[in-house]
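start24.pdb follows (PDB, C-alpha atoms):
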MODEL        1
ATOM      1  CA  MET A   3      34.992-108.395  79.973
ATOM      2  CA  LYS A   4      36.655-110.688  82.519
ATOM      3  CA  SER A   5      36.057-109.307  85.975
ATOM      4  CA  LEU A   6      37.896-109.702  89.231
ATOM      5  CA  LYS A   7      34.710-111.272  90.542
ATOM      6  CA  GLU A   8      35.405-114.320  88.384
ATOM      7  CA  LEU A   9      38.774-114.578  90.062
ATOM      8  CA  GLN A  10      36.961-114.663  93.392
ATOM      9  CA  GLU A  11      34.846-117.539  92.081
ATOM     10  CA  ILE A  12      37.985-119.436  91.079
ATOM     11  CA  ARG A  13      39.272-119.012  94.602
ATOM     12  CA  ASP A  14      36.035-120.270  96.155
ATOM     13  CA  ARG A  15      36.044-123.287  93.876
ATOM     14  CA  MET A  16      39.671-124.119  94.683
ATOM     15  CA  LYS A  17      39.069-123.948  98.403
ATOM     16  CA  ASN A  18      36.719-126.915  98.209
ATOM     17  CA  LYS A  19      39.074-128.972  96.122
ATOM     18  CA  VAL A  20      41.219-131.515  97.906
ATOM     19  CA  SER A  21      44.796-131.319  96.781
ATOM     20  CA  LEU A  22      45.866-134.415  94.858
ATOM     21  CA  ARG A  23      49.400-133.199  94.337
ATOM     22  CA  GLU A  24      50.837-135.501  96.984
ATOM     23  CA  GLY A  25      50.967-138.495  94.608
ATOM     24  CA  THR A  26      54.347-140.204  94.182
ATOM     25  CA  ASN A  27      53.781-140.753  90.489
ATOM     26  CA  GLU A  28      53.804-137.090  89.678
ATOM     27  CA  ILE A  29      55.077-136.202  86.219
ATOM     28  CA  ARG A  30      57.125-133.074  85.545
ATOM     29  CA  ILE A  31      57.386-131.610  82.062
ATOM     30  CA  VAL A  32      60.241-129.115  81.821
ATOM     31  CA  VAL A  33      60.623-126.797  78.836
ATOM     32  CA  GLY A  34      63.912-124.976  78.163
ATOM     33  CA  MET A  35      63.125-121.258  78.041
ATOM     34  CA  ALA A  36      66.456-119.459  77.771
ATOM     35  CA  THR A  37      67.215-117.162  74.827
ATOM     36  CA  CYS A  38      68.073-120.170  72.650
ATOM     37  CA  GLY A  39      64.852-122.018  73.464
ATOM     38  CA  ILE A  40      62.631-118.972  73.037
ATOM     39  CA  ALA A  41      64.231-118.070  69.708
ATOM     40  CA  ALA A  42      63.759-121.638  68.486
ATOM     41  CA  GLY A  43      60.040-121.600  69.300
ATOM     42  CA  ALA A  44      59.716-122.802  72.898
ATOM     43  CA  ARG A  45      56.815-120.518  73.801
ATOM     44  CA  PRO A  46      54.194-122.198  71.587
ATOM     45  CA  VAL A  47      55.550-125.575  72.750
ATOM     46  CA  LEU A  48      55.109-124.625  76.398
ATOM     47  CA  ASN A  49      51.674-123.239  75.568
ATOM     48  CA  ALA A  50      50.667-126.485  73.865
ATOM     49  CA  PHE A  51      51.803-128.589  76.839
ATOM     50  CA  VAL A  52      49.815-126.450  79.286
ATOM     51  CA  GLU A  53      46.684-126.519  77.140
ATOM     52  CA  GLN A  54      46.824-130.206  76.262
ATOM     53  CA  VAL A  55      47.474-131.248  79.889
ATOM     54  CA  ASN A  56      44.421-129.261  80.948
ATOM     55  CA  GLU A  57      42.312-130.520  78.100
ATOM     56  CA  LEU A  58      42.990-134.154  78.972
ATOM     57  CA  GLY A  59      42.314-133.418  82.658
ATOM     58  CA  LEU A  60      45.841-134.331  83.779
ATOM     59  CA  SER A  61      46.692-131.161  85.678
ATOM     60  CA  ASP A  62      46.360-132.787  89.118
ATOM     61  CA  THR A  63      49.285-135.144  88.549
ATOM     62  CA  VAL A  64      51.272-133.308  85.876
ATOM     63  CA  THR A  65      53.245-130.105  86.351
ATOM     64  CA  VAL A  66      54.504-128.068  83.426
ATOM     65  CA  THR A  67      57.479-125.839  84.249
ATOM     66  CA  GLN A  68      60.358-123.961  82.643
ATOM     67  CA  THR A  69      64.093-124.054  82.956
ATOM     68  CA  GLY A  70      67.048-122.168  81.514
ATOM     69  CA  CYS A  71      69.537-123.290  78.909
ATOM     70  CA  ILE A  72      69.996-127.045  78.936
ATOM     71  CA  GLY A  73      73.270-126.692  77.003
ATOM     72  CA  MET A  74      72.354-128.179  73.637
ATOM     73  CA  CYS A  75      71.057-125.033  71.938
ATOM     74  CA  ARG A  76      71.081-126.521  68.435
ATOM     75  CA  ASN A  77      68.434-129.026  69.506
ATOM     76  CA  GLU A  78      66.028-126.489  71.001
ATOM     77  CA  PRO A  79      63.152-126.411  71.783
ATOM     78  CA  ILE A  80      64.088-129.137  74.277
ATOM     79  CA  VAL A  81      61.595-130.706  76.662
ATOM     80  CA  GLU A  82      62.442-133.096  79.483
ATOM     81  CA  VAL A  83      59.916-135.380  81.152
ATOM     82  CA  PHE A  84      60.609-136.597  84.697
ATOM     83  CA  GLN A  85      58.491-139.236  86.365
ATOM     84  CA  GLY A  86      59.318-140.792  89.737
ATOM     85  CA  ASP A  87      62.228-143.235  89.525
ATOM     86  CA  LYS A  88      61.924-143.655  85.761
ATOM     87  CA  GLU A  89      64.714-142.489  83.520
ATOM     88  CA  ARG A  90      64.170-138.982  82.207
ATOM     89  CA  VAL A  91      63.014-138.644  78.619
ATOM     90  CA  THR A  92      64.513-135.798  76.550
ATOM     91  CA  TYR A  93      62.619-134.573  73.512
ATOM     92  CA  VAL A  94      64.379-132.328  70.995
ATOM     93  CA  LYS A  95      63.343-129.929  68.217
ATOM     94  CA  MET A  96      59.825-129.809  69.575
ATOM     95  CA  THR A  97      56.798-128.123  68.047
ATOM     96  CA  ALA A  98      53.285-127.520  69.334
ATOM     97  CA  GLN A  99      51.998-130.480  67.298
ATOM     98  CA  LYS A 100      54.670-132.787  68.656
ATOM     99  CA  ALA A 101      53.825-131.568  72.167
ATOM    100  CA  GLU A 102      50.198-132.572  71.762
ATOM    101  CA  ARG A 103      51.221-136.056  70.685
ATOM    102  CA  VAL A 104      53.665-136.393  73.604
ATOM    103  CA  VAL A 105      50.904-135.517  76.073
ATOM    104  CA  ARG A 106      48.500-138.018  74.513
ATOM    105  CA  GLU A 107      50.868-140.936  74.058
ATOM    106  CA  HIS A 108      53.503-140.472  76.740
ATOM    107  CA  ILE A 109      52.029-138.404  79.570
ATOM    108  CA  LYS A 110      48.571-139.947  79.367
ATOM    109  CA  GLY A 111      49.333-143.236  77.606
ATOM    110  CA  GLY A 112      52.626-144.021  79.347
ATOM    111  CA  LYS A 113      54.577-144.712  76.150
ATOM    112  CA  PRO A 114      57.328-142.229  75.208
ATOM    113  CA  VAL A 115      57.247-141.016  71.603
ATOM    114  CA  VAL A 116      60.642-142.491  70.728
ATOM    115  CA  GLU A 117      61.016-140.798  67.339
ATOM    116  CA  TYR A 118      61.089-137.326  68.966
ATOM    117  CA  THR A 119      63.682-138.195  71.592
ATOM    118  CA  ILE A 120      67.306-137.127  71.525
ATOM    119  CA  GLY A 121      68.343-140.773  71.229
ATOM    120  CA  ALA A 122      66.396-141.217  68.001
ATOM    121  CA  MET A 123      67.787-138.021  66.547
ATOM    122  CA  GLU A 124      71.416-138.869  67.191
ATOM    123  CA  ASN A 125      71.255-142.350  65.675
TER     124      ASN A 125
ATOM    125  CA  MET B  13      63.518-113.457  67.457
ATOM    126  CA  LYS B  14      60.425-113.462  65.281
ATOM    127  CA  GLU B  15      58.339-111.295  67.605
ATOM    128  CA  LEU B  16      59.183-108.535  70.073
ATOM    129  CA  SER B  17      56.997-110.340  72.592
ATOM    130  CA  LEU B  18      59.608-113.132  72.575
ATOM    131  CA  ASN B  19      62.364-110.632  73.392
ATOM    132  CA  ILE B  20      60.170-109.404  76.257
ATOM    133  CA  LEU B  21      59.771-112.951  77.591
ATOM    134  CA  ASP B  22      63.525-113.430  77.344
ATOM    135  CA  ILE B  23      64.531-110.158  79.027
ATOM    136  CA  ALA B  24      61.978-110.666  81.824
ATOM    137  CA  GLN B  25      63.715-113.968  82.649
ATOM    138  CA  ASN B  26      66.833-111.939  83.476
ATOM    139  CA  SER B  27      64.789-110.002  86.040
ATOM    140  CA  ILE B  28      63.506-113.218  87.570
ATOM    141  CA  LYS B  29      67.029-114.594  87.702
ATOM    142  CA  ALA B  30      68.085-111.399  89.495
ATOM    143  CA  GLU B  31      65.610-112.406  92.237
ATOM    144  CA  ALA B  32      63.175-109.590  91.514
ATOM    145  CA  SER B  33      59.894-109.705  93.426
ATOM    146  CA  LEU B  34      58.268-107.255  91.014
ATOM    147  CA  VAL B  35      58.717-107.030  87.257
ATOM    148  CA  GLU B  36      57.008-104.209  85.382
ATOM    149  CA  ILE B  37      56.511-104.341  81.625
ATOM    150  CA  TYR B  38      55.335-101.205  79.835
ATOM    151  CA  ILE B  39      54.649-100.876  76.136
ATOM    152  CA  ASP B  40      53.779 -97.424  74.872
ATOM    153  CA  GLU B  41      52.797 -96.814  71.288
ATOM    154  CA  ALA B  42      52.483 -93.229  70.067
ATOM    155  CA  ASN B  43      53.249 -91.476  66.764
ATOM    156  CA  ALA B  44      54.665 -94.604  65.124
ATOM    157  CA  TRP B  45      57.171 -95.121  67.942
ATOM    158  CA  LEU B  46      57.017 -98.043  70.324
ATOM    159  CA  THR B  47      58.719 -97.703  73.687
ATOM    160  CA  LEU B  48      59.354-100.831  75.706
ATOM    161  CA  ILE B  49      60.325-100.629  79.366
ATOM    162  CA  ILE B  50      61.136-103.647  81.506
ATOM    163  CA  LYS B  51      61.809-102.645  85.088
ATOM    164  CA  ASP B  52      62.621-104.884  88.029
ATOM    165  CA  ASN B  53      63.651-104.671  91.652
ATOM    166  CA  GLY B  54      66.226-107.457  91.422
ATOM    167  CA  TYR B  55      69.812-107.297  92.658
ATOM    168  CA  GLY B  56      71.022-105.235  89.708
ATOM    169  CA  MET B  57      74.190-105.266  87.645
ATOM    170  CA  SER B  58      77.552-103.783  88.503
ATOM    171  CA  GLU B  59      78.845-100.892  86.432
ATOM    172  CA  ALA B  60      81.483-103.163  84.952
ATOM    173  CA  PHE B  61      78.922-105.773  83.869
ATOM    174  CA  LEU B  62      76.576-103.063  82.599
ATOM    175  CA  ARG B  63      79.344-101.786  80.298
ATOM    176  CA  GLU B  64      79.778-105.143  78.648
ATOM    177  CA  VAL B  65      76.210-106.476  78.791
ATOM    178  CA  CYS B  66      75.530-105.612  75.142
ATOM    179  CA  ASP B  67      78.512-107.700  74.109
ATOM    180  CA  PRO B  68      77.346-111.183  73.128
ATOM    181  CA  PHE B  69      80.455-112.645  74.696
ATOM    182  CA  SER B  70      79.439-111.625  78.194
ATOM    183  CA  THR B  71      76.836-113.722  79.953
ATOM    184  CA  THR B  72      75.759-115.039  83.320
ATOM    185  CA  ARG B  73      74.948-118.446  81.972
ATOM    186  CA  THR B  74      77.306-121.289  82.780
ATOM    187  CA  THR B  75      76.515-123.664  79.929
ATOM    188  CA  ARG B  76      77.897-121.354  77.226
ATOM    189  CA  LYS B  77      80.196-118.381  76.918
ATOM    190  CA  VAL B  78      77.663-116.500  74.814
ATOM    191  CA  GLY B  79      74.658-114.473  75.967
ATOM    192  CA  LEU B  80      72.369-113.133  73.294
ATOM    193  CA  GLY B  81      69.319-111.795  75.150
ATOM    194  CA  ILE B  82      70.266-108.121  75.420
ATOM    195  CA  PRO B  83      72.234-108.021  72.131
ATOM    196  CA  LEU B  84      69.192-109.371  70.254
ATOM    197  CA  LEU B  85      66.887-106.742  71.780
ATOM    198  CA  LYS B  86      69.440-104.027  71.012
ATOM    199  CA  LEU B  87      69.630-105.192  67.411
ATOM    200  CA  ALA B  88      65.836-105.241  67.101
ATOM    201  CA  ALA B  89      65.668-101.635  68.355
ATOM    202  CA  GLU B  90      68.618-100.241  66.418
ATOM    203  CA  GLN B  91      67.642-101.785  63.102
ATOM    204  CA  THR B  92      64.553 -99.545  63.161
ATOM    205  CA  GLY B  93      66.510 -96.431  64.115
ATOM    206  CA  GLY B  94      65.689 -96.833  67.796
ATOM    207  CA  THR B  95      67.909 -97.194  70.845
ATOM    208  CA  LEU B  96      68.434 -99.398  73.876
ATOM    209  CA  SER B  97      69.520 -98.186  77.277
ATOM    210  CA  ILE B  98      69.940 -99.908  80.603
ATOM    211  CA  THR B  99      70.224 -98.435  84.061
ATOM    212  CA  SER B 100      70.889-100.494  87.121
ATOM    213  CA  VAL B 101      71.466-100.124  90.858
ATOM    214  CA  THR B 102      73.032-103.073  92.646
ATOM    215  CA  ALA B 103      71.787-104.453  95.932
ATOM    216  CA  GLU B 104      75.190-103.711  97.481
ATOM    217  CA  ALA B 105      74.892-100.048  96.538
ATOM    218  CA  ASP B 106      71.304 -99.562  97.710
ATOM    219  CA  LYS B 107      69.314-102.454  99.102
ATOM    220  CA  GLU B 108      66.048-100.486  99.164
ATOM    221  CA  HIS B 109      66.138 -99.153  95.628
ATOM    222  CA  CYS B 110      68.094-101.733  93.666
ATOM    223  CA  GLY B 111      66.950-103.029  90.306
ATOM    224  CA  THR B 112      67.398-102.779  86.586
ATOM    225  CA  THR B 113      65.481-100.874  83.932
ATOM    226  CA  VAL B 114      65.806-101.792  80.281
ATOM    227  CA  ARG B 115      64.385 -99.239  77.869
ATOM    228  CA  ALA B 116      64.177 -99.772  74.134
ATOM    229  CA  THR B 117      62.575 -97.682  71.406
ATOM    230  CA  PHE B 118      61.437 -98.836  67.985
ATOM    231  CA  PHE B 119      60.250 -96.933  64.911
ATOM    232  CA  GLU B 120      57.204 -98.909  63.822
ATOM    233  CA  GLY B 121      57.283 -97.461  60.305
ATOM    234  CA  HIS B 122      60.654 -99.036  59.547
ATOM    235  CA  LEU B 123      60.777-102.043  57.259
ATOM    236  CA  ASP B 124      62.849-103.920  59.826
ATOM    237  CA  PHE B 125      60.455-103.328  62.718
ATOM    238  CA  THR B 126      59.786-106.683  64.397
ATOM    239  CA  PRO B 127      56.058-107.030  65.079
ATOM    240  CA  LEU B 128      55.050-107.192  68.728
ATOM    241  CA  GLY B 129      53.354-110.553  68.216
ATOM    242  CA  ASP B 130      51.572-112.626  70.840
ATOM    243  CA  VAL B 131      52.227-110.567  73.925
ATOM    244  CA  VAL B 132      49.359-112.249  75.800
ATOM    245  CA  SER B 133      51.194-115.584  75.637
ATOM    246  CA  THR B 134      54.321-113.895  76.949
ATOM    247  CA  VAL B 135      52.506-112.577  80.015
ATOM    248  CA  VAL B 136      50.739-115.881  80.676
ATOM    249  CA  MET B 137      54.000-117.844  80.330
ATOM    250  CA  LEU B 138      55.669-115.504  82.825
ATOM    251  CA  LEU B 139      52.917-116.177  85.375
ATOM    252  CA  LEU B 140      53.222-119.900  84.696
ATOM    253  CA  GLY B 141      56.976-119.949  85.178
ATOM    254  CA  SER B 142      57.279-117.596  88.138
ATOM    255  CA  PRO B 143      54.071-117.668  90.148
ATOM    256  CA  ASP B 144      55.766-116.112  93.177
ATOM    257  CA  VAL B 145      56.953-113.013  91.325
ATOM    258  CA  ASP B 146      54.603-110.082  90.823
ATOM    259  CA  PHE B 147      54.118-108.700  87.331
ATOM    260  CA  VAL B 148      52.646-105.455  86.110
ATOM    261  CA  PHE B 149      51.859-105.333  82.419
ATOM    262  CA  ARG B 150      50.546-102.212  80.729
ATOM    263  CA  HIS B 151      50.208-101.657  76.988
ATOM    264  CA  THR B 152      49.130 -98.159  76.034
ATOM    265  CA  THR B 153      48.043 -97.130  72.537
ATOM    266  CA  ASP B 154      45.950 -94.238  71.244
ATOM    267  CA  LYS B 155      42.968 -96.602  71.382
ATOM    268  CA  GLY B 156      43.257 -97.425  75.057
ATOM    269  CA  VAL B 157      45.079 -99.367  77.750
ATOM    270  CA  VAL B 158      45.464-103.118  78.283
ATOM    271  CA  GLU B 159      46.750-104.061  81.700
ATOM    272  CA  LEU B 160      47.256-106.796  84.245
ATOM    273  CA  ASP B 161      48.607-106.487  87.779
ATOM    274  CA  THR B 162      49.238-109.737  89.635
ATOM    275  CA  ARG B 163      49.302-107.901  92.981
ATOM    276  CA  GLN B 164      45.622-107.188  92.455
ATOM    277  CA  MET B 165      44.984-110.818  91.485
ATOM    278  CA  ARG B 166      46.896-112.107  94.507
ATOM    279  CA  GLU B 167      44.838-109.937  96.827
ATOM    280  CA  ILE B 168      41.702-111.767  95.709
ATOM    281  CA  LEU B 169      43.204-115.238  95.363
ATOM    282  CA  GLY B 170      44.925-115.211  98.750
ATOM    283  CA  ASP B 171      47.668-117.696  99.592
ATOM    284  CA  GLU B 172      45.735-120.865  98.735
ATOM    285  CA  VAL B 173      45.509-120.404  94.988
ATOM    286  CA  PRO B 174      48.816-120.034  93.132
ATOM    287  CA  LEU B 175      49.018-117.736  90.109
ATOM    288  CA  ASN B 176      50.031-120.672  87.903
ATOM    289  CA  ASP B 177      46.871-122.635  88.573
ATOM    290  CA  PRO B 178      45.380-123.521  85.161
ATOM    291  CA  SER B 179      42.096-121.728  85.846
ATOM    292  CA  VAL B 180      43.935-118.572  86.944
ATOM    293  CA  LEU B 181      46.146-118.627  83.840
ATOM    294  CA  GLU B 182      43.035-119.041  81.711
ATOM    295  CA  TRP B 183      41.465-116.063  83.462
ATOM    296  CA  ALA B 184      44.565-113.918  82.867
ATOM    297  CA  LYS B 185      44.664-114.890  79.192
ATOM    298  CA  GLU B 186      40.984-114.137  78.645
ATOM    299  CA  SER B 187      41.162-110.900  80.582
ATOM    300  CA  LEU B 188      43.995-109.628  78.371
ATOM    301  CA  MET B 189      42.353-110.852  75.153
ATOM    302  CA  ASP B 190      39.070-109.168  76.087
ATOM    303  CA  GLN B 191      40.890-105.915  76.716
ATOM    304  CA  TYR B 192      42.727-106.165  73.400
ATOM    305  CA  ASN B 193      39.497-106.869  71.561
ATOM    306  CA  SER B 194      37.839-103.811  73.039
ATOM    307  CA  THR B 195      40.750-101.477  72.234
ATOM    308  CA  ARG B 196      40.991-102.554  68.624
TER     309      ARG B 196
ENDMDL
END
Would it be possible to restate this file's structure as structure tokens?
Amino acid sequence: MKSLKELQEIRDRMKNKVSLREGTNEIRIVVGMATCGIAAGARPVLNAFVEQVNELGLSDTVTVTQTGCIGMCRNEPIVEVFQGDKERVTYVKMTAQKAERVVREHIKGGKPVVEYTIGAMEN
Amino acid sequence: MKELSLNILDIAQNSIKAEASLVEIYIDEANAWLTLIIKDNGYGMSEAFLREVCDPFSTTRTTRKVGLGIPLLKLAAEQTGGTLSITSVTAEADKEHCGTTVRATFFEGHLDFTPLGDVVSTVVMLLLGSPDVDFVFRHTTDKGVVELDTRQMREILGDEVPLNDPSVLEWAKESLMDQYNSTR
């Protein structure tokens, strides 16, 4: 059984860790989590982003957060990626599998997965 | 919604939007009935809004004129023979005791009962999205109790470690899963 003592250990470990969050190149992954997003399957997508970012050791420079309704409910789950001055990338109709690929190729590799973007879908 | 746990995630977002500092989620299962209570200390809803909140054409969102959160939960409850009720006290009426309580009951034996689903993910995603809000989660069945109280976690973690730190989220997830495994 997980004990509160383990939580104490997490705290002690974190204390010694220098914060790297100051970087200007920070990436923000935002998942739409209003009723529309949740009903369309946003929770496993969000879950996949969190797990994959951790697995690839990117959590110091990448933040995964949630937002409300982005206003294009038919395209949910929608995920937006913001990075510094770069243009935002909007992914639509996401799944957990697609999320894993986006983390590998876009977040880590620097190349957006064009076929999942809203631009590709509307053409 | 495919799982009740998704309705819970959705309704809890309303509490967060109402600037609640504490959101309590209780699931009680006894005699084939499931009672879900989501209680917050946010700024509440006016009587007028409360009257129309089950109408899909009333919403607080600005991107659409439709709000489906409460209507979907109401449907999920009523299609099993259960009920949904909401009580609310606005901040203007009583600043000390304001908040909203949503209570829904479900008959688990009904064919149209929506399974609870992955409630652990719901709790973890709430911590991830709103690390500054406190959450109490308690799921009671005849086999035992599964619970998580972020106030307790915060006491140990102090101010330096946020609740949405990956290692803390992992701890919360494993803690809940362990408890579920031992009450099975």
Next item on the list: Name the residues that the PyMOL selection byres ((chain B) within 10 of (chain A)) picks from the file above, as a ChimeraX atom specification, using the file's chain letters and numbers.
Entry: /B:13-15,18-19,21-23,25-26,29,73-76,79-82,84,130,133-134,136-138,140-142,164-174,176-191,193-194
Note to self: My list of candidates is B:Val132, B:Val101, B:Leu16, B:Val148. Which is closest to Glu36 in chain B when distances are computed with all atoms listed in the file?
What the structure shows: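 The closest residue to Glu36 in chain B is B:Val148.
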Notebook entry, point to check: Leaving out Ala103 in chain B and any residue of its chain fewer than 3 positions from it, which residues lie within 7 Å of it when counting only C-alpha atoms, given as number ranges by chain?
Noted result: B: 55-56, 106-107, 110
Check: Smallest atom-to-atom distance to Arg90 in chain A: which of A:Ala50, A:Asn77, A:Gly121, A:Glu107, using only C-alpha atoms?
Finding: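 Using only C-alpha atoms, Arg90 in chain A sits closest to A:Gly121.
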Next item on the list: Could you tell me how far CA of Val135 in chain B lies from CA of Asp62 in chain A, in Å and to one decimal?
Entry: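 Spanning CA of Val135 in chain B to CA of Asp62 in chain A is a straight-line distance of 23.0 Å.
When only C-alpha atoms are used to measure the gap to Thr153 in chain B, the shortest distance among B:Leu175, B:Ala44, B:Leu85, B:Leu123 belongs to B:Ala44.
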Note to self: Rounded to one decimal, what separation in Å do you get between CA of Phe147 in chain B and CA of Gly93 in chain B?
What the structure shows: 29.0 Å
Margin query: So that I can check the surroundings of range 98-104 of chain A, please list as a ChimeraX atom specification every protein, DNA and RNA residue that reaches within 7 Å of it, counting only C-alpha atoms and ignoring chain neighbours fewer than 4 positions away.
Written below: /A:46-47,50-51,54,108-109,115
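With CA of Arg115 in chain B on one side and CA of Thr47 in chain B on the other, the separation reads 7.2 Å.
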Note to self: As a check of understanding, name the residues that the PyMOL selection byres ((chain A and resi 81) around 6) selects in the supplied structure, as a PyMOL selection string.
What the structure shows: chain A and resi 32-33+80+82+92-93
If the box runs along x, y and z of the file and leaves 4 Å on each side of range 30-38 of chain A, what are its centre and edge lengths in Å, one decimal, as AutoDock Vina command-line options?
--center_x 62.6 --center_y -125.1 --center_z 79.1 --size_x 18.9 --size_y 23.9 --size_z 20.9
Margin query: Starting from the PyMOL selection byres ((chain B and resi 120) around 12), expand the selection into actual residues of this file and give them as a list of chain:residue names.
Written below: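 For this structure, the PyMOL selection byres ((chain B and resi 120) around 12) captures B:Leu16, B:Asp40, B:Glu41, B:Ala42, B:Asn43, B:Ala44, B:Trp45, B:Leu46, B:Thr47, B:Ala88, B:Ala89, B:Glu90, B:Gln91, B:Thr92, B:Gly93, B:Gly94, B:Thr117, B:Phe118, B:Phe119, B:Gly121, B:His122, B:Leu123, B:Asp124, B:Phe125, B:Thr126, B:Pro127, B:Leu128.
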So which residues are close to (61.5, -140.6, 87.2), meaning at most 12 Å away in the file's coordinates with all atoms listed in the file counted, and can you show them as a JSON list (two decimals) with C-alpha atoms, in the coordinates of the input?
[["chain", "number", "residue", "atom", "x", "y", "z"],
["A", 26, "THR", "CA", 54.35, -140.20, 94.18],
["A", 27, "ASN", "CA", 53.78, -140.75, 90.49],
["A", 28, "GLU", "CA", 53.80, -137.09, 89.68],
["A", 29, "ILE", "CA", 55.08, -136.20, 86.22],
["A", 30, "ARG", "CA", 57.12, -133.07, 85.54],
["A", 31, "ILE", "CA", 57.39, -131.61, 82.06],
["A", 82, "GLU", "CA", 62.44, -133.10, 79.48],
["A", 83, "VAL", "CA", 59.92, -135.38, 81.15],
["A", 84, "PHE", "CA", 60.61, -136.60, 84.70],
["A", 85, "GLN", "CA", 58.49, -139.24, 86.36],
["A", 86, "GLY", "CA", 59.32, -140.79, 89.74],
["A", 87, "ASP", "CA", 62.23, -143.24, 89.52],
["A", 88, "LYS", "CA", 61.92, -143.66, 85.76],
["A", 89, "GLU", "CA", 64.71, -142.49, 83.52],
["A", 90, "ARG", "CA", 64.17, -138.98, 82.21],
["A", 91, "VAL", "CA", 63.01, -138.64, 78.62]]
Check: Which of these, B:Leu87, B:Glu159, B:Ile50, B:Ser100, has the shortest distance to Arg63 in chain B once you count only C-alpha atoms?
Finding: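 Residue with the minimum atom-to-atom distance to Arg63 in chain B: B:Ser100.
Considering the residues B:Thr162, B:Thr99, B:Asn53, B:Ser58 and counting all atoms listed in the file, Ser27 in chain B has its shortest atom-to-atom contact with B:Asn53.
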Reconstructed all heavy atoms for range 31-36 of chain A, given as an mmCIF file, in the coordinates of the input:
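Done, and the output landed in part_35.cif:
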data_model
loop_
_atom_site.group_PDB
_atom_site.id
_atom_site.type_symbol
_atom_site.label_atom_id
_atom_site.label_comp_id
_atom_site.auth_asym_id
_atom_site.auth_seq_id
_atom_site.Cartn_x
_atom_site.Cartn_y
_atom_site.Cartn_z
ATOM 1 N N ILE A 31 56.985 -131.924 83.435
ATOM 2 C CA ILE A 31 57.386 -131.610 82.062
ATOM 3 C C ILE A 31 58.139 -130.287 82.120
ATOM 4 O O ILE A 31 57.603 -129.286 82.571
ATOM 5 C CB ILE A 31 56.152 -131.458 81.146
ATOM 6 C CG1 ILE A 31 55.313 -132.743 81.156
ATOM 7 C CG2 ILE A 31 56.573 -131.097 79.730
ATOM 8 C CD1 ILE A 31 53.971 -132.609 80.463
ATOM 9 N N VAL A 32 59.407 -130.308 81.700
ATOM 10 C CA VAL A 32 60.241 -129.115 81.821
ATOM 11 C C VAL A 32 60.651 -128.626 80.431
ATOM 12 O O VAL A 32 61.245 -129.378 79.661
ATOM 13 C CB VAL A 32 61.491 -129.412 82.674
ATOM 14 C CG1 VAL A 32 62.328 -128.157 82.839
ATOM 15 C CG2 VAL A 32 61.086 -129.968 84.037
ATOM 16 N N VAL A 33 60.323 -127.373 80.155
ATOM 17 C CA VAL A 33 60.623 -126.797 78.836
ATOM 18 C C VAL A 33 61.768 -125.791 78.975
ATOM 19 O O VAL A 33 61.717 -124.916 79.839
ATOM 20 C CB VAL A 33 59.372 -126.098 78.252
ATOM 21 C CG1 VAL A 33 59.658 -125.539 76.866
ATOM 22 C CG2 VAL A 33 58.194 -127.055 78.197
ATOM 23 N N GLY A 34 62.783 -125.912 78.143
ATOM 24 C CA GLY A 34 63.912 -124.976 78.163
ATOM 25 C C GLY A 34 63.493 -123.624 77.614
ATOM 26 O O GLY A 34 63.051 -123.540 76.479
ATOM 27 N N MET A 35 63.614 -122.578 78.450
ATOM 28 C CA MET A 35 63.125 -121.258 78.041
ATOM 29 C C MET A 35 64.194 -120.184 78.179
ATOM 30 O O MET A 35 63.906 -119.069 78.592
ATOM 31 C CB MET A 35 61.891 -120.879 78.870
ATOM 32 C CG MET A 35 60.639 -121.692 78.557
ATOM 33 S SD MET A 35 59.890 -121.277 76.981
ATOM 34 C CE MET A 35 59.011 -119.800 77.449
ATOM 35 N N ALA A 36 65.435 -120.508 77.843
ATOM 36 C CA ALA A 36 66.456 -119.459 77.771
ATOM 37 C C ALA A 36 66.354 -118.800 76.393
ATOM 38 O O ALA A 36 65.472 -119.147 75.611
ATOM 39 C CB ALA A 36 67.839 -120.063 77.988
#
